[in-house]
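The next block is final21.cif, given as mmCIF, C-alpha atoms, pLDDT in the B column; chains and numbers go by the auth columns.
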```cif
data_protein
loop_
_atom_site.group_PDB
_atom_site.id
_atom_site.type_symbol
_atom_site.label_atom_id
_atom_site.label_comp_id
_atom_site.label_asym_id
_atom_site.label_seq_id
_atom_site.Cartn_x
_atom_site.Cartn_y
_atom_site.Cartn_z
_atom_site.B_iso_or_equiv
_atom_site.auth_seq_id
_atom_site.auth_asym_id
ATOM 1 C CA MET A 1 0.000 0.000 0.000 95.00 1 B
ATOM 2 C CA ILE A 2 1.390 3.381 -0.993 98.00 2 B
ATOM 3 C CA ILE A 3 0.816 6.058 1.671 98.00 3 B
ATOM 4 C CA LEU A 4 1.330 9.780 1.162 98.00 4 B
ATOM 5 C CA GLY A 5 2.120 11.816 4.275 98.00 5 B
ATOM 6 C CA ILE A 6 1.629 15.589 4.245 98.00 6 B
ATOM 7 C CA ASP A 7 2.817 18.214 6.745 97.00 7 B
ATOM 8 C CA PRO A 8 0.897 21.339 5.612 96.00 8 B
ATOM 9 C CA GLY A 9 2.276 24.836 5.241 90.00 9 B
ATOM 10 C CA THR A 10 2.037 27.712 2.791 87.00 10 B
ATOM 11 C CA ALA A 11 5.754 28.475 2.465 94.00 11 B
ATOM 12 C CA THR A 12 6.862 24.874 2.984 96.00 12 B
ATOM 13 C CA THR A 13 4.735 21.739 2.812 98.00 13 B
ATOM 14 C CA GLY A 14 6.498 18.528 3.712 98.00 14 B
ATOM 15 C CA PHE A 15 5.649 15.308 1.906 98.00 15 B
ATOM 16 C CA GLY A 16 6.685 11.701 2.254 98.00 16 B
ATOM 17 C CA VAL A 17 5.690 8.675 0.209 98.00 17 B
ATOM 18 C CA ILE A 18 6.127 5.221 1.691 98.00 18 B
ATOM 19 C CA ASP A 19 5.314 1.699 0.637 97.00 19 B
ATOM 20 C CA TYR A 20 3.767 -0.377 3.392 95.00 20 B
ATOM 21 C CA THR A 21 3.587 -4.149 3.099 91.00 21 B
ATOM 22 C CA GLN A 22 1.970 -6.225 5.788 80.00 22 B
ATOM 23 C CA THR A 23 3.542 -9.629 6.101 75.00 23 B
ATOM 24 C CA ALA A 24 4.477 -11.464 9.277 68.00 24 B
ATOM 25 C CA GLN A 25 6.565 -8.359 9.933 75.00 25 B
ATOM 26 C CA GLN A 26 5.503 -4.854 8.993 75.00 26 B
ATOM 27 C CA GLN A 27 7.676 -3.688 6.096 91.00 27 B
ATOM 28 C CA LEU A 28 8.094 -0.010 5.326 95.00 28 B
ATOM 29 C CA SER A 29 10.149 1.558 2.584 97.00 29 B
ATOM 30 C CA CYS A 30 10.568 5.153 1.528 98.00 30 B
ATOM 31 C CA LEU A 31 9.773 5.976 -2.076 98.00 31 B
ATOM 32 C CA LYS A 32 10.311 9.730 -1.919 98.00 32 B
ATOM 33 C CA TYR A 33 10.301 12.671 0.456 98.00 33 B
ATOM 34 C CA GLY A 34 10.852 16.395 0.257 98.00 34 B
ATOM 35 C CA THR A 35 9.051 19.702 0.346 98.00 35 B
ATOM 36 C CA ILE A 36 6.810 21.785 -1.834 98.00 36 B
ATOM 37 C CA ASP A 37 8.121 25.331 -1.468 98.00 37 B
ATOM 38 C CA THR A 38 6.482 28.564 -2.565 96.00 38 B
ATOM 39 C CA PRO A 39 8.185 31.969 -2.925 94.00 39 B
ATOM 40 C CA ALA A 40 7.676 34.380 -0.017 91.00 40 B
ATOM 41 C CA GLY A 41 6.655 37.467 -2.014 92.00 41 B
ATOM 42 C CA MET A 42 4.050 35.682 -4.109 95.00 42 B
ATOM 43 C CA ASP A 43 0.293 36.240 -3.718 96.00 43 B
ATOM 44 C CA THR A 44 -1.410 33.719 -1.457 95.00 44 B
ATOM 45 C CA ALA A 45 -3.674 32.439 -4.244 97.00 45 B
ATOM 46 C CA ASP A 46 -0.671 31.777 -6.494 97.00 46 B
ATOM 47 C CA ARG A 47 1.148 29.971 -3.681 97.00 47 B
ATOM 48 C CA LEU A 48 -1.885 27.768 -3.079 97.00 48 B
ATOM 49 C CA CYS A 49 -2.079 26.997 -6.824 98.00 49 B
ATOM 50 C CA ILE A 50 1.554 25.841 -6.766 98.00 50 B
ATOM 51 C CA LEU A 51 0.768 23.618 -3.773 98.00 51 B
ATOM 52 C CA HIS A 52 -2.249 22.164 -5.599 98.00 52 B
ATOM 53 C CA ASP A 53 -0.318 21.511 -8.817 98.00 53 B
ATOM 54 C CA GLU A 54 2.685 19.926 -7.095 98.00 54 B
ATOM 55 C CA LEU A 55 0.424 17.718 -4.985 98.00 55 B
ATOM 56 C CA LEU A 56 -1.420 16.591 -8.116 98.00 56 B
ATOM 57 C CA ASN A 57 1.952 15.649 -9.639 98.00 57 B
ATOM 58 C CA LEU A 58 2.854 13.551 -6.572 98.00 58 B
ATOM 59 C CA ILE A 59 -0.515 11.789 -6.575 98.00 59 B
ATOM 60 C CA SER A 60 -0.266 11.136 -10.302 98.00 60 B
ATOM 61 C CA GLU A 61 3.265 9.747 -10.024 98.00 61 B
ATOM 62 C CA TYR A 62 2.835 7.535 -6.927 98.00 62 B
ATOM 63 C CA ARG A 63 -0.902 6.761 -6.929 98.00 63 B
ATOM 64 C CA PRO A 64 -1.263 6.484 -3.143 98.00 64 B
ATOM 65 C CA GLN A 65 -4.025 4.315 -1.704 97.00 65 B
ATOM 66 C CA MET A 66 -4.160 6.498 1.418 98.00 66 B
ATOM 67 C CA ALA A 67 -3.061 9.957 2.544 98.00 67 B
ATOM 68 C CA ALA A 68 -2.158 11.032 6.082 98.00 68 B
ATOM 69 C CA VAL A 69 -2.414 14.764 6.728 98.00 69 B
ATOM 70 C CA GLU A 70 -1.376 16.580 9.889 96.00 70 B
ATOM 71 C CA SER A 71 -4.415 18.016 11.634 93.00 71 B
ATOM 72 C CA LEU A 72 -4.464 21.482 13.094 79.00 72 B
ATOM 73 C CA TYR A 73 -3.579 21.769 16.721 69.00 73 B
ATOM 74 C CA PHE A 74 -3.172 24.655 19.128 60.00 74 B
ATOM 75 C CA PHE A 75 -1.031 27.396 17.626 61.00 75 B
ATOM 76 C CA LYS A 76 1.003 29.793 19.723 65.00 76 B
ATOM 77 C CA ASN A 77 1.504 32.116 16.758 69.00 77 B
ATOM 78 C CA VAL A 78 -1.880 33.356 15.557 73.00 78 B
ATOM 79 C CA LYS A 79 -0.325 34.709 12.335 75.00 79 B
ATOM 80 C CA THR A 80 0.453 31.176 11.134 78.00 80 B
ATOM 81 C CA VAL A 81 -3.007 29.705 11.775 83.00 81 B
ATOM 82 C CA MET A 82 -4.701 31.202 8.724 86.00 82 B
ATOM 83 C CA PRO A 83 -2.012 30.394 6.114 87.00 83 B
ATOM 84 C CA VAL A 84 -1.665 26.819 7.385 89.00 84 B
ATOM 85 C CA SER A 85 -5.459 26.447 7.393 91.00 85 B
ATOM 86 C CA GLN A 86 -5.603 27.667 3.801 94.00 86 B
ATOM 87 C CA ALA A 87 -2.885 25.214 2.775 95.00 87 B
ATOM 88 C CA ARG A 88 -4.676 22.362 4.577 96.00 88 B
ATOM 89 C CA GLY A 89 -7.881 23.226 2.748 97.00 89 B
ATOM 90 C CA VAL A 90 -6.149 23.037 -0.626 98.00 90 B
ATOM 91 C CA ILE A 91 -4.419 19.795 0.365 98.00 91 B
ATOM 92 C CA LEU A 92 -7.609 18.119 1.576 98.00 92 B
ATOM 93 C CA LEU A 93 -9.549 19.243 -1.496 98.00 93 B
ATOM 94 C CA THR A 94 -6.832 18.102 -3.917 98.00 94 B
ATOM 95 C CA ILE A 95 -6.488 14.670 -2.317 98.00 95 B
ATOM 96 C CA ASN A 96 -10.250 14.207 -1.990 98.00 96 B
ATOM 97 C CA LYS A 97 -10.873 15.129 -5.641 98.00 97 B
ATOM 98 C CA LYS A 98 -8.416 12.355 -6.630 98.00 98 B
ATOM 99 C CA LYS A 99 -10.500 9.909 -4.532 98.00 99 B
ATOM 100 C CA VAL A 100 -7.658 9.065 -2.153 98.00 100 B
ATOM 101 C CA PRO A 101 -8.908 8.239 1.363 98.00 101 B
ATOM 102 C CA ILE A 102 -7.636 10.752 3.940 98.00 102 B
ATOM 103 C CA VAL A 103 -6.784 10.228 7.590 98.00 103 B
ATOM 104 C CA GLU A 104 -5.693 13.011 9.893 97.00 104 B
ATOM 105 C CA TYR A 105 -3.276 12.752 12.791 97.00 105 B
ATOM 106 C CA THR A 106 -2.033 15.259 15.315 95.00 106 B
ATOM 107 C CA PRO A 107 1.697 15.868 15.726 94.00 107 B
ATOM 108 C CA LEU A 108 1.419 14.050 19.080 94.00 108 B
ATOM 109 C CA GLN A 109 0.046 10.932 17.365 96.00 109 B
ATOM 110 C CA ALA A 110 2.731 10.972 14.668 97.00 110 B
ATOM 111 C CA LYS A 111 5.544 11.437 17.200 96.00 111 B
ATOM 112 C CA THR A 112 4.144 8.631 19.349 96.00 112 B
ATOM 113 C CA ALA A 113 3.944 6.325 16.321 95.00 113 B
ATOM 114 C CA VAL A 114 7.631 6.701 15.474 97.00 114 B
ATOM 115 C CA THR A 115 9.304 7.394 18.823 97.00 115 B
ATOM 116 C CA GLY A 116 6.876 6.077 21.420 96.00 116 B
ATOM 117 C CA TYR A 117 6.840 9.549 23.013 96.00 117 B
ATOM 118 C CA GLY A 118 4.432 12.295 21.968 92.00 118 B
ATOM 119 C CA ARG A 119 6.719 15.126 23.066 93.00 119 B
ATOM 120 C CA ALA A 120 9.760 13.910 21.124 96.00 120 B
ATOM 121 C CA THR A 121 12.099 16.506 19.649 96.00 121 B
ATOM 122 C CA LYS A 122 12.414 17.120 15.908 94.00 122 B
ATOM 123 C CA ASN A 123 15.812 15.402 15.975 96.00 123 B
ATOM 124 C CA GLN A 124 14.390 12.323 17.730 97.00 124 B
ATOM 125 C CA VAL A 125 11.617 12.073 15.124 97.00 125 B
ATOM 126 C CA GLN A 126 14.111 12.430 12.269 97.00 126 B
ATOM 127 C CA GLN A 127 16.386 9.774 13.779 98.00 127 B
ATOM 128 C CA MET A 128 13.566 7.254 14.272 97.00 128 B
ATOM 129 C CA VAL A 129 12.132 7.889 10.793 98.00 129 B
ATOM 130 C CA LYS A 130 15.622 7.222 9.408 98.00 130 B
ATOM 131 C CA ASN A 131 15.811 3.961 11.376 97.00 131 B
ATOM 132 C CA LEU A 132 12.284 2.744 10.621 96.00 132 B
ATOM 133 C CA LEU A 133 12.635 3.378 6.885 97.00 133 B
ATOM 134 C CA GLN A 134 16.275 2.218 6.815 96.00 134 B
ATOM 135 C CA LEU A 135 17.425 5.446 5.198 97.00 135 B
ATOM 136 C CA GLU A 136 21.113 6.227 4.759 97.00 136 B
ATOM 137 C CA LYS A 137 20.757 9.671 6.321 97.00 137 B
ATOM 138 C CA ILE A 138 18.342 11.667 8.442 97.00 138 B
ATOM 139 C CA PRO A 139 15.494 13.031 6.293 97.00 139 B
ATOM 140 C CA LYS A 140 15.669 16.813 6.044 96.00 140 B
ATOM 141 C CA PRO A 141 14.158 19.307 6.349 96.00 141 B
ATOM 142 C CA ASP A 142 12.067 18.448 9.397 95.00 142 B
ATOM 143 C CA ASP A 143 8.847 19.141 7.420 97.00 143 B
ATOM 144 C CA ALA A 144 9.680 16.147 5.214 98.00 144 B
ATOM 145 C CA ALA A 145 10.565 13.986 8.237 98.00 145 B
ATOM 146 C CA ASP A 146 7.258 14.970 9.859 97.00 146 B
ATOM 147 C CA ALA A 147 5.394 13.973 6.676 98.00 147 B
ATOM 148 C CA LEU A 148 7.136 10.585 6.692 98.00 148 B
ATOM 149 C CA ALA A 149 6.214 10.192 10.379 98.00 149 B
ATOM 150 C CA LEU A 150 2.558 10.837 9.471 98.00 150 B
ATOM 151 C CA ALA A 151 2.729 8.157 6.765 98.00 151 B
ATOM 152 C CA ILE A 152 4.295 5.699 9.243 97.00 152 B
ATOM 153 C CA CYS A 153 1.569 6.553 11.766 97.00 153 B
ATOM 154 C CA CYS A 154 -1.015 5.740 9.093 97.00 154 B
ATOM 155 C CA ALA A 155 0.683 2.424 8.328 95.00 155 B
ATOM 156 C CA ASN A 156 0.662 1.533 12.037 92.00 156 B
ATOM 157 C CA HIS A 157 -3.062 2.260 12.324 90.00 157 B
ATOM 158 C CA THR A 158 -3.811 0.442 9.069 82.00 158 B
ATOM 159 C CA ARG A 159 -2.004 -2.628 10.363 66.00 159 B
ATOM 160 C CA PHE A 160 -4.586 -3.050 13.104 59.00 160 B
ATOM 161 C CA LYS A 161 -7.563 -2.571 10.767 59.00 161 B
ATOM 162 C CA ILE A 162 -6.629 -5.178 8.150 45.00 162 B
#
```
Just dump the structure as structure tokens.
Amino acid sequence: MIILGIDPGTATTGFGVIDYTQTAQQQLSCLKYGTIDTPAGMDTADRLCILHDELLNLISEYRPQMAAVESLYFFKNVKTVMPVSQARGVILLTINKKKVPIVEYTPLQAKTAVTGYGRATKNQVQQMVKNLLQLEKIPKPDDAADALALAICCANHTRFKI
């Protein structure tokens, strides 16, 4: 099963694509990870169009059977709530229009899935994602590692539903 993980943002949206195979042992492999970046001075609508187009390209290339998107949680910085909400809206709409089932997880759930501790640091998450996916190096930037953690979280939950 191909799972697409998404860590939403307007300037930087992290993504991770994993292949999950359930055998006697859970097998995870990383197909691709990275970020969708939009220029800072660009109009919001144009930035959201870039996000939409790049996400369509990822879905078209990898054909995920499921998508895991980070849900909104309490924000300390009110200025970031609206742009992230707008990006999430575009992400959810794009994925839904391609008929890919969506699950949403909080950062706490994703961190718990990969580290066993919901208050893990960014470095701890990156290190465990590297280990779980048997990557040669720590996935960077942390937006991409977070997206991979969301995809792993989805695989863990899927394992118990099959």
Just say which residues the PyMOL selection byres ((chain B and resi 12) around 6) picks in this file, as number ranges by chain. B: 9-11, 13, 36-37
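Minimum distance to Ala155 of chain B across B:Gln26, B:Thr94, B:Ser85, B:Asn57 (counting only C-alpha atoms) occurs at B:Gln26.
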Using the chain letters and numbering of this document, enumerate as a ChimeraX atom specification the residues selected by the PyMOL selection byres ((chain B and resi 17) around 9). /B:2-6,15-16,18-19,29-33,58,62,64,147-148,151
For the provided coordinates, the residues matched by the PyMOL selection byres ((chain B and resi 87-89) around 10) should be stated as JSON, numbers by chain. {"B": [6, 7, 8, 9, 10, 11, 12, 13, 44, 47, 48, 49, 51, 52, 69, 70, 71, 72, 82, 83, 84, 85, 86, 90, 91, 92, 93, 94]}
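Protein, DNA and RNA residues at most 12 Å from (20.9, 10.3, 8.5), with all atoms listed in the file, are these: Asn123, Gln124, Val125, Gln126, Gln127, Met128, Val129, Lys130, Asn131, Leu132, Leu133, Gln134, Leu135, Glu136, Lys137, Ile138, Pro139, Lys140, Pro141 and Ala145 of chain B.
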Can you spit out the residues from that selection as an mmCIF file, in the coordinates of the input, using C-alpha atoms?
```
data_model
loop_
_atom_site.group_PDB
_atom_site.id
_atom_site.type_symbol
_atom_site.label_atom_id
_atom_site.label_comp_id
_atom_site.auth_asym_id
_atom_site.auth_seq_id
_atom_site.Cartn_x
_atom_site.Cartn_y
_atom_site.Cartn_z
ATOM 1 C CA ASN B 123 15.812 15.402 15.975
ATOM 2 C CA GLN B 124 14.390 12.323 17.730
ATOM 3 C CA VAL B 125 11.617 12.073 15.124
ATOM 4 C CA GLN B 126 14.111 12.430 12.269
ATOM 5 C CA GLN B 127 16.386 9.774 13.779
ATOM 6 C CA MET B 128 13.566 7.254 14.272
ATOM 7 C CA VAL B 129 12.132 7.889 10.793
ATOM 8 C CA LYS B 130 15.622 7.222 9.408
ATOM 9 C CA ASN B 131 15.811 3.961 11.376
ATOM 10 C CA LEU B 132 12.284 2.744 10.621
ATOM 11 C CA LEU B 133 12.635 3.378 6.885
ATOM 12 C CA GLN B 134 16.275 2.218 6.815
ATOM 13 C CA LEU B 135 17.425 5.446 5.198
ATOM 14 C CA GLU B 136 21.113 6.227 4.759
ATOM 15 C CA LYS B 137 20.757 9.671 6.321
ATOM 16 C CA ILE B 138 18.342 11.667 8.442
ATOM 17 C CA PRO B 139 15.494 13.031 6.293
ATOM 18 C CA LYS B 140 15.669 16.813 6.044
ATOM 19 C CA PRO B 141 14.158 19.307 6.349
ATOM 20 C CA ALA B 145 10.565 13.986 8.237
#
```
Computed interatomic separation between atom CA of Gln65 of chain B and atom CA of Pro101 of chain B (Å):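 Separation between atom CA of Gln65 of chain B and atom CA of Pro101 of chain B: 7.0 Å.
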Could you please fill out segment 83-104 of chain B with N, CA, C and O atoms and send it back as a compact mmCIF listing (two decimals), in the coordinates of the input?
```
# COMPACT_ATOMS: atom_id res chain seq x y z
N PRO B 83 -2.70 30.96 7.28
CA PRO B 83 -2.01 30.39 6.11
C PRO B 83 -1.95 28.86 6.14
O PRO B 83 -2.16 28.22 5.11
N VAL B 84 -1.72 28.29 7.30
CA VAL B 84 -1.66 26.82 7.38
C VAL B 84 -3.05 26.24 7.13
O VAL B 84 -3.20 25.22 6.45
N SER B 85 -4.08 26.90 7.64
CA SER B 85 -5.46 26.45 7.39
C SER B 85 -5.79 26.50 5.91
O SER B 85 -6.44 25.59 5.37
N GLN B 86 -5.36 27.56 5.24
CA GLN B 86 -5.60 27.67 3.80
C GLN B 86 -4.88 26.55 3.05
O GLN B 86 -5.46 25.93 2.15
N ALA B 87 -3.65 26.29 3.42
CA ALA B 87 -2.88 25.21 2.78
C ALA B 87 -3.55 23.86 3.03
O ALA B 87 -3.68 23.04 2.10
N ARG B 88 -3.99 23.62 4.26
CA ARG B 88 -4.68 22.36 4.58
C ARG B 88 -5.93 22.20 3.74
O ARG B 88 -6.24 21.10 3.27
N GLY B 89 -6.67 23.29 3.56
CA GLY B 89 -7.88 23.23 2.75
C GLY B 89 -7.58 22.81 1.32
O GLY B 89 -8.26 21.94 0.75
N VAL B 90 -6.55 23.39 0.73
CA VAL B 90 -6.15 23.04 -0.63
C VAL B 90 -5.69 21.58 -0.67
O VAL B 90 -6.04 20.83 -1.59
N ILE B 91 -4.93 21.18 0.31
CA ILE B 91 -4.42 19.80 0.36
C ILE B 91 -5.56 18.80 0.47
O ILE B 91 -5.63 17.83 -0.29
N LEU B 92 -6.48 19.03 1.39
CA LEU B 92 -7.61 18.12 1.58
C LEU B 92 -8.48 18.06 0.32
O LEU B 92 -8.91 16.98 -0.09
N LEU B 93 -8.74 19.20 -0.28
CA LEU B 93 -9.55 19.24 -1.50
C LEU B 93 -8.86 18.49 -2.64
O LEU B 93 -9.49 17.67 -3.31
N THR B 94 -7.58 18.75 -2.83
CA THR B 94 -6.83 18.10 -3.92
C THR B 94 -6.83 16.59 -3.76
O THR B 94 -7.11 15.86 -4.71
N ILE B 95 -6.54 16.12 -2.57
CA ILE B 95 -6.49 14.67 -2.32
C ILE B 95 -7.88 14.06 -2.47
O ILE B 95 -8.05 13.01 -3.09
N ASN B 96 -8.88 14.72 -1.92
CA ASN B 96 -10.25 14.21 -1.99
C ASN B 96 -10.75 14.12 -3.43
O ASN B 96 -11.40 13.15 -3.80
N LYS B 97 -10.43 15.13 -4.24
CA LYS B 97 -10.87 15.13 -5.64
C LYS B 97 -10.23 13.99 -6.43
O LYS B 97 -10.78 13.54 -7.42
N LYS B 98 -9.08 13.50 -5.97
CA LYS B 98 -8.42 12.36 -6.63
C LYS B 98 -8.87 11.03 -6.02
O LYS B 98 -8.34 9.98 -6.34
N LYS B 99 -9.87 11.10 -5.14
CA LYS B 99 -10.50 9.91 -4.53
C LYS B 99 -9.53 9.07 -3.69
O LYS B 99 -9.65 7.85 -3.61
N VAL B 100 -8.58 9.75 -3.05
CA VAL B 100 -7.66 9.06 -2.15
C VAL B 100 -8.21 9.23 -0.73
O VAL B 100 -8.45 10.36 -0.30
N PRO B 101 -8.42 8.12 -0.02
CA PRO B 101 -8.91 8.24 1.36
C PRO B 101 -7.91 9.02 2.23
O PRO B 101 -6.70 8.85 2.11
N ILE B 102 -8.45 9.88 3.09
CA ILE B 102 -7.64 10.75 3.94
C ILE B 102 -7.85 10.40 5.40
O ILE B 102 -8.98 10.22 5.85
N VAL B 103 -6.74 10.32 6.13
CA VAL B 103 -6.78 10.23 7.59
C VAL B 103 -5.99 11.40 8.14
O VAL B 103 -5.05 11.88 7.48
N GLU B 104 -6.38 11.88 9.30
CA GLU B 104 -5.69 13.01 9.89
C GLU B 104 -5.15 12.61 11.26
O GLU B 104 -5.82 11.91 12.02
```
